[in-house]
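Engineer: Just passing along the structure, written as structure tokens.
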Amino acid sequence: FKNGLGDVESLVFVRARIVHGAGHPFLTHPEMDEIIYILEGEMEQWLEKEKRILKVGASLFIPRGVVHGCYNESGADCEFLAILTPSKINGPFSVDHSKDEPWKSLKG
């Protein structure tokens, strides 16, 4: 999982590449909304207990506090942009929920 971070006054910009078989486990951003935009490849994106396959050109809005995870089960790398707002928060950037039910049973 490689990324380039850019931080401005109101948002955090992440350009990430997820290799085949990798991803990020179920988590929340308690104080941040997120938009994901797929640049290359595809990813399996979970929003709570709903799975979607996002392909090039697809985007997804993830409201703050919503559990989500992404995985690359395709045969190629997936590159995407993630834009999160606001950039200034009081608590943690993310909270891991990968060991909590029902998410640990969805992608063990």
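Order determines the names: the first chain of the structure tokens is A, the second B, and so forth; residues in each chain are numbered 1 upward, and ligands are numbered 1 upward as they are shown.
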Determine which residues of range 1-84 of chain A DSSP labels as strand (DSSP E or B) from the backbone of this structure, then write them out as number ranges by chain.

Structural biologist: A: 2-7, 12-18, 23-28, 33-40, 42-47, 50-55, 59-62, 68-71, 78-84

Engineer: Fewer than 3 positions away in the same chain doesn't count, so skip those; otherwise give me all residues within 12 Å of Leu106 in chain A, counting only C-alpha atoms, as JSON, numbers by chain.

Structural biologist: {"A": [25, 26, 46, 47, 48, 49, 50, 51, 68, 69, 70, 71, 97, 98, 99, 100, 101, 102, 103]}

Engineer: Can you measure CA of Ile53 in chain A to CA of Tyr37 in chain A for me? One decimal in Å is fine.

Structural biologist: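 These atoms are spaced 12.3 Å apart.
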
Engineer: Between A:Val95, A:Val66, A:Leu60, A:Ile35, which has the minimum distance to Val12 in chain A (counting only C-alpha atoms)?

Structural biologist: A:Ile35

Engineer: Leaving out Ile18 in chain A and any residue of its chain fewer than 2 positions from it, which residues lie within 7 Å of it when counting only C-alpha atoms, given as a list in words?

Structural biologist: Phe1, Ala16, His20, Ala22, Gly23, Asn72, Asp77, Cys78 and Glu79 of chain A

Engineer: Next, dump the selected residues to file, keeping only N, CA and C atoms, as a short mmCIF file (atom, residue, chain, number, x, y, z; two decimals), in the first residue's frame.

Structural biologist:
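Wrote selection18.cif, looks like this:
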```
data_model
loop_
_atom_site.label_atom_id
_atom_site.label_comp_id
_atom_site.auth_asym_id
_atom_site.auth_seq_id
_atom_site.Cartn_x
_atom_site.Cartn_y
_atom_site.Cartn_z
N PHE A 1 0.86 -1.17 0.00
CA PHE A 1 0.00 0.00 0.00
C PHE A 1 0.90 1.22 0.00
N ALA A 16 -3.30 6.64 -3.87
CA ALA A 16 -2.86 5.35 -3.35
C ALA A 16 -2.86 4.28 -4.43
N HIS A 20 -2.39 -6.34 -5.93
CA HIS A 20 -3.26 -7.52 -5.87
C HIS A 20 -3.10 -8.22 -4.52
N ALA A 22 -3.91 -7.09 -1.59
CA ALA A 22 -3.76 -6.17 -0.46
C ALA A 22 -5.03 -5.33 -0.30
N GLY A 23 -5.01 -4.43 0.65
CA GLY A 23 -6.12 -3.53 0.87
C GLY A 23 -5.99 -2.85 2.21
N ASN A 72 -8.13 -5.46 -2.97
CA ASN A 72 -7.86 -5.66 -4.40
C ASN A 72 -7.78 -7.16 -4.66
N ASP A 77 -2.84 -4.07 -10.20
CA ASP A 77 -2.87 -3.03 -9.17
C ASP A 77 -4.07 -2.12 -9.36
N CYS A 78 -4.49 -1.49 -8.28
CA CYS A 78 -5.57 -0.51 -8.32
C CYS A 78 -5.02 0.81 -7.79
N GLU A 79 -5.19 1.86 -8.56
CA GLU A 79 -4.77 3.19 -8.13
C GLU A 79 -6.01 4.06 -7.98
#
```

Engineer: With only C-alpha atoms as the basis for distance, which of A:Ala76, A:Met32, A:Glu44, A:Leu81 is at the shortest distance from Gly57 in chain A?

Structural biologist: A:Leu81

Engineer: Between A:Ile62, A:Ala82, A:Ile89, A:Val56, single out the one closest to Arg15 in chain A, counting only C-alpha atoms.

Structural biologist: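 Going through A:Ile62, A:Ala82, A:Ile89, A:Val56 one by one, the smallest distance to Arg15 in chain A is for A:Ala82.
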
Engineer: Pick out the closest residue to Gly91 in chain A from this set: A:Glu40, A:Pro30, A:Lys55, A:Phe61. Count only C-alpha atoms.

Structural biologist: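 Smallest distance to Gly91 in chain A is found for A:Pro30.
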
Engineer: Among chain A, which ones does DSSP assign to helix (DSSP H, G or I) (computed from the backbone)? Answer as a list in words.

Structural biologist: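 So, restricting chain A to helix (DSSP H, G or I), we get Trp103, Lys104, Ser105 and Leu106 of chain A.
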
Engineer: Restricting the calculation to only C-alpha atoms: of A:Val14, A:Asn90, A:Phe80, A:Asp33, which residue gets closest to Gln45 in chain A?

Structural biologist: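 For Gln45 in chain A, the nearest of the candidates is A:Phe80.
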